[in-house]
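Novice: Here it is: the structure, laid out below.
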Number of protein chains: 2
Amino acid sequence: MYKTARLCSSGLSWKEFGKKLNRSQCRSRILCQVNLFNRSLSTESAQKTLSSKNNDQQHSNNEREFDSTGYAVTTKLCFALGITGSVIWLLNRKRNIVHAAQSESAGSLKKGLPTYSLEEVAKHNKKENRIWVTYKNGVYDITDYVSNHPGGSRILLAAGSSIEPYWEMYAAHKQEEIYEMLEELRIGNITEKSKDEQKDSSDPYANDPKRHVALKPSSSKPFNAEPPLSLLRHSYLTPNDLFFVRNHLPVPVIDPKKYQLTVTKVGSTKQVNLSLEDLKRKFNKKSVVSIVQCAGNRRSEMVTIKPVKGLNWGAAAISNASWAGACLDDVLKRTGIDIETVDAKHIIFDGADADPTGHNYGASIPIEMARLLKKDIILAYEMNGKDIPPDHGYPVRVIIPGVVGARQVKWLNKITLSDKESTCHWQQKDYKGFHSSIDWHNVDFTSVPPIYELPVQSVICEPEAGSVLEDDEEVTIKGYAWSGGGRGIVRVDLSADGGKTWHSAELSPTEQPLYKTYAWTFWEGTIPLPKDHKGEVEIVCKAADTAYNVQPDNVEGIWNLRGVLSNAWHRVPVKVPKS
Amino acid sequence: MYKTARLCSSGLSWKEFGKKLNRSQCRSRILCQVNLFNRSLSTESAQKTLSSKNNDQQHSNNEREFDSTGYAVTTKLCFALGITGSVIWLLNRKRNIVHAAQSESAGSLKKGLPTYSLEEVAKHNKKENRIWVTYKNGVYDITDYVSNHPGGSRILLAAGSSIEPYWEMYAAHKQEEIYEMLEELRIGNITEKSKDEQKDSSDPYANDPKRHVALKPSSSKPFNAEPPLSLLRHSYLTPNDLFFVRNHLPVPVIDPKKYQLTVTKVGSTKQVNLSLEDLKRKFNKKSVVSIVQCAGNRRSEMVTIKPVKGLNWGAAAISNASWAGACLDDVLKRTGIDIETVDAKHIIFDGADADPTGHNYGASIPIEMARLLKKDIILAYEMNGKDIPPDHGYPVRVIIPGVVGARQVKWLNKITLSDKESTCHWQQKDYKGFHSSIDWHNVDFTSVPPIYELPVQSVICEPEAGSVLEDDEEVTIKGYAWSGGGRGIVRVDLSADGGKTWHSAELSPTEQPLYKTYAWTFWEGTIPLPKDHKGEVEIVCKAADTAYNVQPDNVEGIWNLRGVLSNAWHRVPVKVPKS
């Protein structure tokens with residue numbers, strides 16, 4: 001199988017690893033960890049595996065393999081052992097070291113070590129220069145460890161940057177033994193302030209935050225970037241540092257103590273100002289796990305037809321997080337506004353991010369949409385249990401589940417009930433969907449309504465385009481699917497013969513009701529490769545949501561001048577070895 | 001233009017008609033009626049034309065034509081004058097007759113005339129046998145009038161049957177002069193009971209009602225039929241007699257005085273019974289204009305790929321009506337059940353229609369869907385202002401806007417709140433959507449959820465497939481579009497060159513909010529024909545809804561064993577005369 005073979009090809013040989021396992025005489029613990037890893041692989045919510053039945057079966061299969069052969073670790077097991085191998089490797093390496101509570105002290109400042117700026121660390125991203133990573137305040141040289149990393153070359157995604165988001169993804173790292181190992185590789189501290197952080201006051205982007213090196217920018221000013229597609233699929237909740245970033249303007253610097261959210265209604269003299277503390281203390285905290293997707297996700301596929309105006313996004317301009325904050329409905333009620341009865345047609349959200357002329361980013365949603373979503377619209381101050389990072393709207397952004405990212409205004413500082421839509425450029429002259437014969441000469445942005453809910457989407461994350469499969473009989477495919485408006489995913493279909501035959505992917509269970517699914521649905525399937533392939537195969541996925549809306553067959557029929565709403569069948573060419 | 005030319009080619013020559021107009025010296029009245037006709041053409045709600053601006057312009061254009069040339073009725077005007085011509089023709093014919101209030105007496109029983117059964121009337125549907133129609137209790141021989149009908153051959157749709165549904169469509173007929181003319185053609189009365197209505201007690205369908213001859217049956221027992229596609233597009237509210245019929249079982253005969261609706265919850269000892277009078281008197285009457293669409297609409301297009309199991313529906317298994325009745329939420333509240341908080345996962349609706357073993361038709365919807373729709377789910381006892389006809393659920397059916405017809409249970413007699421779905425065959429083993437590699441050997445009906453909301457749909461109603469256009473430069477296309485879940489239509493795109501170039505159709509305004517559009521959207525567009533046509537052109541339409549979900553390009557990708565959810569781009573081949 002593709003997936004398995006790829007992982008086995010790096011790091012320790014699995015036979016060698018099996019020997020170590022045997023020596024360590026900790027079989028029961030390992031098996032427990034194998035299972036732990038299986039469960040942590042996909043998600044927090046995906047701490048359930050695809051089905052508990054499969055899970056139990058896999059566990060008992062693993063056990064049988066060890067009982068009968070000792071070293072005979074099956075191919076499938078190789079994969080399952082991924083990160084756990086790291087734990088075991090350490091167990092062998094450090095059997096005689098007394099364990100200490102390293103989890104708290106790891107990464108803290110250590111006296112007597114040299115200090116390095118983040119820029120210096122970033123230069124150490126290849127073997128030739130040595131490979132450095134950071135964890136909290138610590139700098140580590142992992143060059144000699146890389147070849148032993150049982151998770152394979154994926155560790156290099158952190159080269160020259162922080163390993164923290166990956167450890168959030170692969171929770172099995174959070175073990176005392178691993179913290180210990182990490183501190184053994186410690187070479188320094190991060191300087192409190194990087195040398196070249198002396199701001200250029202003429203640069204409106206001078207205050208933008210540092211970003212993780214794994215984010216692939218499609219523009220730097222404003223900063224827009226997406227994580228590697230295959231990585232995205234490894235964590236149901238995307239770590240904050242790896243969450244795709246879509247900024248239209250410089251990131252505003254907001255003092256949380258001075259933060260004020262103004263709530264008002266056009267024509268009313270009443271205006272309510274709420275501090276961050278007010279939002280946190282005066283209202284119940286409500287959480288929602290919800291996707292943010294850029295309208296331009298997968299734009300790069302449209303570009304292959306003819307040019308479009310927009311950032312050249314791949315298929316990872318989408319991420320999933322658990323957001324927490326005050327419910328919009330509660331906040332409006334406290335300020336005397338009842339969504340059900342208010343005499344207004346739109347709710348306008350204004351952000352603190354502004355262009356040099358002082359025009360801020362803003363957006364609105366129709367009041368009917370707010371009524372339907374009601375309790376699910378959140379004025380969020382937390383993202384995955386932490387303060388929302390600067391790139392994602394610190395200290396407060398609005399989360400409108402099921403709706404395009406462009407309306408989920410970051411750095412929110414004003415809410416206005418109005419009879420009119422937001423007059424902002426991005427509401428009026430952008431983020432609308434036209435047919436393919438509309439170009440910049442004949443476009444009339446008033447002729448169609450703004451994009452709010454997004455259409456059904458599915459994407460193959462693994463294997464990546466251009467990969468060479470190691471198996472010529474079948475391929476394991478993994479990806480995400482999602483639809484707007486809370487419509488859950490009912491089906492993902494997979495094909496390796498251009499749609500002549502289809503196979504059903506297995507959908508990961510979600511905790512959200514099917515008719516109110518705001519998070520994405522992960523899916524996976526192993527399907528046969530066509531026998532008549534000539535070294536190349538195109539694998540395809542398509543999804544249906546609860547309204548049985550489907551993805552269009554081809555990108556030609558949905559091409560549009562802004563390259564938005566790109567959701568055709570996802571087609572990924574891969575190479576197949578000749579048998 | 002196609003549309004215009006077709007109408008001008010039948011009935012009075014328009015030059016002759018113009019002369020009559022002049023003679024009748026009633027120009028101002030005619031112009032008023034022209035406008036009236038323009039406005040009544042599309043809909044009741046479509047008493048607004050596409051835009052008031054266009055309307056005003058057309059009115060003033062019409063006036064100018066008459067002022068300057070007298071007889072010079074332009075091609076465009078020909079069409080506009082359609083039915084109005086009928087009025088004028090009568091004015092000339094009957095100038096000396098004193099008008100009486102015929103509207104009330106027309107169609108009533110007339111002593112001294114022979115009586116005919118509906119079966120006898122039905123035999124008179126061709127010129128050779130004379131063409132008869134009925135209106136209320138009257139039988140009329142219209143053979144000699146047909147060639148003068150300014151609406152053209154469309155009048156023949158009523159041949160051998162009732163003209164009433166057409167007069168509901170074309171409201172301009174409802175004029176004293178027309179009732180007078182009709183009575184001049186009177187030849188008899190309908191017998192009170194048709195001869196062959198002696199029931200065959202062994203036939204479970206013996207009590208099924210008579211249907212209008214214009215309905216094209218796809219099965220007779222149970223009765224399933226759709227109206228002509230082009231006719232559908234002429235009335236925003238489909239007349240009750242022409243509303244497509246989808247029955248799964250014989251039509252039950254229910255005595256309205258004995259009717260009882262039972263409301264209960266699984267596990268509760270409480271059960272409430274409501275009579276029809278209770279529903280009418282104890283609850284506010286609420287109306288909703290809403291589509292009912294069969295999941296199998298357009299199945300005949302799937303059959304062209306490979307066989308499917310199901311009725312061979314064309315594209316008219318969809319109709320629109322104004323439904324009125326008690327709000328489900330109010331009824332549940334009165335019986336002590338609050339949708340928002342009730343401890344149940346589904347609402348089950350059971351109908352009184354049953355198979356010979358006593359199993360009734362039933363369906364359910366998830367409670368989250370009921371919460372979203374809440375005030376819009378109606379226990380309807382009226383359809384377009386009249387008692388719901390037997391075929392559509394007399395005396396009460398549930399209307400669940402935005403949801404497939406199969407869940408909008410007719411002859412409703414029980415509502416049950418439950419943790420489980422309806423166990424009915426049509427909920428469990430039918431009306432689900434699979435991919436095209438699932439066949440009757442490997443289908444697992446438990447693997448996907450039931451169809452509730454339907455995907456975005458659009459259909460070309462005019463010109464019909466195989467039509468010969470009269471113009472070789474452009475074509476006027478008309479159709480309907482709709483999407484499930486209250487998602488309004490934001491765009492309909494038209495192409496006459498296989499999707500190389502697209503043109504935007506003009507959408508009729510609806511009175512419903514865009515994000516809560518339960519009725520269909522009518523659209524129209526005149527687009528150029530490709531210059532390189534070889535006598536044949538395929539015209540295509542596709543729509544996008546407010547979530548920018550689009551129709552799939554081809555039917556191949558959505559083929560499924562039950563032939564449901566057929567919503568690919570609608571492709572209509574037409575013939576173009578060589579210039």
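Lettering and numbering for the structure tokens are positional, with chains as A, B, ... in the shown order, residues counted from 1 in each chain, and ligands counted from 1 in the shown order.
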Please, which residues of chain B lie no more than 9 Å from chain A when the count uses only C-alpha atoms, and can they be set out as a PyMOL selection string?
Specialist: chain B and resi 366+368-369+372-373+403+433-438+447-456+484-485+490-491+493+499-504+513-516+544+546-554+556-558+565
Novice: Considering only C-alpha atoms, return as a VMD selection string whatever protein or nucleic-acid residues lie within 12 Å of segment 527-536 of chain A, sequence-local ones (same chain, fewer than 4 positions apart) excluded.
Specialist: chain A and resid 1 to 2 465 to 478 493 to 506 540 to 541 572 to 579
Novice: Export, as a PDB file, in the first residue's frame, the selected residues with C-alpha atoms.
Specialist:
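Final output, part_24.pdb:
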```pdb
ATOM      1  CA  MET A   1       0.000   0.000   0.000  1.00  0.00           C
ATOM      2  CA  TYR A   2       1.090   3.495  -0.816  1.00  0.00           C
ATOM      3  CA  ALA A 465       0.054  15.007  -6.913  1.00  0.00           C
ATOM      4  CA  GLY A 466       3.074  13.484  -8.619  1.00  0.00           C
ATOM      5  CA  SER A 467       3.730  10.902  -5.904  1.00  0.00           C
ATOM      6  CA  VAL A 468       5.143   7.579  -6.917  1.00  0.00           C
ATOM      7  CA  LEU A 469       3.049   4.797  -5.423  1.00  0.00           C
ATOM      8  CA  GLU A 470       4.886   1.751  -4.148  1.00  0.00           C
ATOM      9  CA  ASP A 471       2.046  -0.637  -4.860  1.00  0.00           C
ATOM     10  CA  ASP A 472       0.700  -1.224  -8.339  1.00  0.00           C
ATOM     11  CA  GLU A 473      -2.541  -2.878  -7.277  1.00  0.00           C
ATOM     12  CA  GLU A 474      -4.254  -0.500  -4.903  1.00  0.00           C
ATOM     13  CA  VAL A 475      -3.955   2.933  -3.396  1.00  0.00           C
ATOM     14  CA  THR A 476      -5.040   4.319  -0.046  1.00  0.00           C
ATOM     15  CA  ILE A 477      -6.492   7.780  -0.418  1.00  0.00           C
ATOM     16  CA  LYS A 478      -7.186  10.252   2.385  1.00  0.00           C
ATOM     17  CA  ASP A 493     -16.769   8.635  -3.915  1.00  0.00           C
ATOM     18  CA  LEU A 494     -13.326   7.601  -5.142  1.00  0.00           C
ATOM     19  CA  SER A 495     -12.190   6.502  -8.580  1.00  0.00           C
ATOM     20  CA  ALA A 496      -8.887   5.522 -10.122  1.00  0.00           C
ATOM     21  CA  ASP A 497     -10.201   5.008 -13.646  1.00  0.00           C
ATOM     22  CA  GLY A 498     -11.528   8.416 -14.538  1.00  0.00           C
ATOM     23  CA  GLY A 499     -14.962   7.863 -13.034  1.00  0.00           C
ATOM     24  CA  LYS A 500     -15.849   4.619 -14.797  1.00  0.00           C
ATOM     25  CA  THR A 501     -16.055   2.877 -11.435  1.00  0.00           C
ATOM     26  CA  TRP A 502     -16.505   4.464  -8.057  1.00  0.00           C
ATOM     27  CA  HIS A 503     -15.757   3.265  -4.543  1.00  0.00           C
ATOM     28  CA  SER A 504     -17.189   4.588  -1.286  1.00  0.00           C
ATOM     29  CA  ALA A 505     -14.734   6.188   1.105  1.00  0.00           C
ATOM     30  CA  GLU A 506     -15.164   5.539   4.782  1.00  0.00           C
ATOM     31  CA  VAL A 540     -10.459  11.362  -8.248  1.00  0.00           C
ATOM     32  CA  CYS A 541     -12.752  12.184  -5.364  1.00  0.00           C
ATOM     33  CA  VAL A 572      -4.673  13.981  -8.513  1.00  0.00           C
ATOM     34  CA  PRO A 573      -2.202  12.409 -10.952  1.00  0.00           C
ATOM     35  CA  VAL A 574       0.114   9.825  -9.425  1.00  0.00           C
ATOM     36  CA  LYS A 575       2.747   7.487 -10.800  1.00  0.00           C
ATOM     37  CA  VAL A 576       2.459   3.733 -10.529  1.00  0.00           C
ATOM     38  CA  PRO A 577       5.509   1.484 -10.695  1.00  0.00           C
ATOM     39  CA  LYS A 578       5.357  -1.098 -13.440  1.00  0.00           C
ATOM     40  CA  SER A 579       5.086  -4.557 -11.952  1.00  0.00           C
TER      41      SER A 579
END
```
Novice: I'd like the contact shell of segment 223-237 of chain B - 8 Å cut-off, only C-alpha atoms, skipping same-chain residues fewer than 6 positions apart - returned as a PyMOL selection string.
Specialist: chain B and resi 41-46+169-170+214-217+243-248+250+313-322+384+461-464+478-480+520+522
Novice: Out of A:Lys286, A:Lys221, A:Lys374, A:Lys126, which residue has the shortest atom-to-atom distance to Leu156 of chain A when counting only C-alpha atoms?
Specialist: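 Smallest separation from Leu156 of chain A among the options: A:Lys126.
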Novice: For atom CA of Ala159 of chain B and atom CA of Ala122 of chain B, quote the distance in Å rounded to one decimal.
Specialist: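 These two atoms are separated by 7.5 Å.
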Novice: For segment 203-208 of chain A, list every protein, DNA or RNA residue within 8 Å, evaluated using only C-alpha atoms, and leave out those in the same chain fewer than 3 positions away; present the list as a PyMOL selection string.
Specialist: chain A and resi 199-200+221-222+250-253+356+391
